[in-house]
Amino acid sequence: MSAPQDPTPPNGVDLSDTLEQLNLGGENEPRLGPDGEPAPKTDEEYAQTQLTLRAIVSSKEAGVIIGKGGKNVADLRDETGVKAGVSKVVQGVYDRVLTITGGCEAISRAYAVVARALLEGAPAMGMGGVMQSNGTHPIKLLISHNQMGTIIGRQGLKIKHIQDVSGVRMVAQKEMLPQSTERVVEVQGTPEGIQRAVWEICKCLVDDWQRGTGTVLYNPVVRTQGPGAPAATGGSSYVQDRAPYGGSRVTRTGNGADFSNGGPRPYTRRSDSDAAARGPPTHDENGEEIQTQNISIPADMVGCIIGRAGSKISEIRKTSGARISIAKAPHDETGERMFTIMGSAKANETALFLLYENLEAEKMRRQQQAAQTSE
């Protein structure tokens, strides 16, 4: 009888132990969702996963949503369990922002309640100022530009699926809103259809939550600023998602203190106690906390931001005091390049304003050039 073979190789290292040490993912480290919990897999888990979904509403619609003495918005919170609020009035600006935070199921129910209230209290106008009476109402959701791909899907298959299962009509705007990285997705349908569509959209946002970090939130106050005006202060749109799991520490809020207990918390299943585990935040020489923000810039616009021999980006760095790095390669199939901005809240705010000012100026220059060519 031959002697049993020794499983340990000649170099004395057990291969099974080595493979076990190299197991970097697998069952022991499940993929995490936006709130630090294991990523949801079932509808029940999606229903409880917390996030924030915002929408643009008109001043009239805001009045209907809030109700007399805040009754309607209070009823909305009680009925669905969400946190909900509307941004403060900005003089001379038509837009306000509705912010709803909660589980995916609660958010979808809340938007159905909102749609029903708007259908009754602020019916949409059709051609010639005639009230529409087809039982549908548009909801203009605010979606991070970086997350649009997951909602539209490859060759538009996902957005088609959402429309098919919910019966709504969806239109995604191509342009980002001023001084933000958010775009509008208009969802037109019955309250029930909007509820189903928002449920599907929420699941997409949860699945693709990492692309949503660093979103530059739209703030209606920017519409009061003329060219060359200083960046907005107070309730600024340049306030970001908290980077999860030990990443760069930044905060997010809606536009102004919309809720009785302060600004909305986008992801609430996670305990505040683990903030200490991330260690103290880093600060600049003035003692201000350093924040990190990411924005995507279309590939054909990168050159106008950098300038000849880097002159424009150098000027933005110098004026703002923020550090700005530019990815050497596109970060996805859109061909867009990621700009990373690091500095104090004020420095980042100024840098973002200058970046968008350059983008807007270049867009205007190209439009004028195209108009002259067509003549």
# chains A, B, ... in the order shown; residues from 1 in each chain; ligands from 1

$ residues_around --residues "Glu200 of chain A" --least-positions-apart "2" --cutoff "12 Å" --atoms "only C-alpha atoms" --output "ChimeraX atom specification"
/A:43,46-47,104-105,107-108,150-152,158-166,168,193-198,202-207

$ write_last_selection --atoms "C-alpha atoms" --output "tab-separated table (two decimals), in the first residue's frame"
chain	number	residue	atom	x	y	z
A	43	ASP	CA	-38.86	43.75	-3.26
A	46	TYR	CA	-35.91	47.47	-1.73
A	47	ALA	CA	-39.04	48.74	0.01
A	104	CYS	CA	-38.46	53.12	-1.74
A	105	GLU	CA	-42.03	51.97	-1.17
A	107	ILE	CA	-41.38	57.38	-1.50
A	108	SER	CA	-43.38	55.88	-4.37
A	150	THR	CA	-29.21	53.20	-15.31
A	151	ILE	CA	-32.73	54.66	-15.72
A	152	ILE	CA	-32.57	54.87	-19.52
A	158	LYS	CA	-34.98	50.21	-19.07
A	159	ILE	CA	-36.98	53.40	-19.55
A	160	LYS	CA	-39.21	51.52	-22.01
A	161	HIS	CA	-39.75	48.79	-19.40
A	162	ILE	CA	-40.67	51.36	-16.72
A	163	GLN	CA	-43.18	52.99	-19.10
A	164	ASP	CA	-44.65	49.60	-20.11
A	165	VAL	CA	-45.23	48.33	-16.56
A	166	SER	CA	-46.56	51.64	-15.21
A	168	VAL	CA	-46.69	56.51	-17.74
A	193	GLY	CA	-48.91	54.88	-12.71
A	194	ILE	CA	-46.60	57.44	-11.14
A	195	GLN	CA	-46.40	55.31	-7.98
A	196	ARG	CA	-45.27	52.26	-10.01
A	197	ALA	CA	-42.84	54.30	-12.12
A	198	VAL	CA	-41.26	55.96	-9.06
A	202	CYS	CA	-36.03	54.16	-6.90
A	203	LYS	CA	-34.80	50.60	-7.45
A	204	CYS	CA	-32.55	51.84	-10.27
A	205	LEU	CA	-31.14	54.58	-8.03
A	206	VAL	CA	-30.47	52.11	-5.21
A	207	ASP	CA	-28.70	49.71	-7.58

$ residues_around --residues "Gly63 of chain A" --least-positions-apart "4" --cutoff "10 Å" --atoms "only C-alpha atoms" --output "MDAnalysis selection string"
chainID A and resid 57:59 67:68 70 72:73 86 118 121:122

$ closest_residue --among "A:Asn146, A:Ala74, A:Pro191, A:Gly310" --to "Arg109 of chain A" --atoms "only C-alpha atoms"
A:Pro191

$ closest_residue --among "A:Met342, A:Ile100, A:Ala112, A:Leu76" --to "Thr52 of chain A" --atoms "only C-alpha atoms"
A:Ile100

$ closest_atom_pairs --of "segment 125-196 of chain A" --to "segment 313-334 of chain A" --cutoff "12 Å" --atoms "only C-alpha atoms" --output "JSON lines"
{"residue": "A:His145", "atom": "CA", "partner": "A:Thr334", "partner_atom": "CA", "distance": 11.1}
{"residue": "A:Asn146", "atom": "CA", "partner": "A:Asp332", "partner_atom": "CA", "distance": 9.7}
{"residue": "A:Gln147", "atom": "CA", "partner": "A:Asp332", "partner_atom": "CA", "distance": 11.5}
{"residue": "A:Met148", "atom": "CA", "partner": "A:Thr334", "partner_atom": "CA", "distance": 10.9}
{"residue": "A:Gly149", "atom": "CA", "partner": "A:Thr334", "partner_atom": "CA", "distance": 8.9}
{"residue": "A:Arg154", "atom": "CA", "partner": "A:Glu333", "partner_atom": "CA", "distance": 10.7}

$ write_last_selection --atoms "C-alpha atoms" --output "mmCIF file, in the first residue's frame"
data_model
loop_
_atom_site.group_PDB
_atom_site.id
_atom_site.type_symbol
_atom_site.label_atom_id
_atom_site.label_comp_id
_atom_site.auth_asym_id
_atom_site.auth_seq_id
_atom_site.Cartn_x
_atom_site.Cartn_y
_atom_site.Cartn_z
ATOM 1 C CA HIS A 145 -26.726 63.125 -14.512
ATOM 2 C CA ASN A 146 -24.386 60.277 -13.576
ATOM 3 C CA GLN A 147 -27.336 57.981 -12.782
ATOM 4 C CA MET A 148 -29.358 58.663 -15.929
ATOM 5 C CA GLY A 149 -27.778 55.738 -17.731
ATOM 6 C CA ARG A 154 -28.906 50.115 -22.841
#

$ residues_around --residues "Gln188 of chain A" --least-positions-apart "6" --cutoff "6 Å" --atoms "only C-alpha atoms" --output "MDAnalysis selection string"
chainID A and resid 137:138 168:169

$ write_last_selection --atoms "C-alpha atoms" --output "compact mmCIF listing (two decimals), in the first residue's frame"
# COMPACT_ATOMS: atom_id res chain seq x y z
CA HIS A 137 -50.35 64.92 -14.15
CA PRO A 138 -46.62 65.48 -14.76
CA VAL A 168 -46.69 56.51 -17.74
CA ARG A 169 -44.87 58.59 -20.34

$ atom_distance --atom1 "atom CA of Val302 of chain A" --atom2 "atom CA of Gln367 of chain A"
17.2 Å

$ atom_distance --atom1 "atom CA of Gln155 of chain A" --atom2 "atom CA of Ala172 of chain A"
14.0 Å

$ closest_residue --among "A:Gln291, A:Met364, A:Glu61, A:Asp78" --to "Asn348 of chain A" --atoms "only C-alpha atoms"
A:Gln291

$ closest_residue --among "A:Ala347, A:Val184, A:Ala309, A:Met176" --to "Glu360 of chain A" --atoms "only C-alpha atoms"
A:Met176

$ atom_distance --atom1 "atom CA of Ser296 of chain A" --atom2 "atom CA of Leu157 of chain A"
23.5 Å
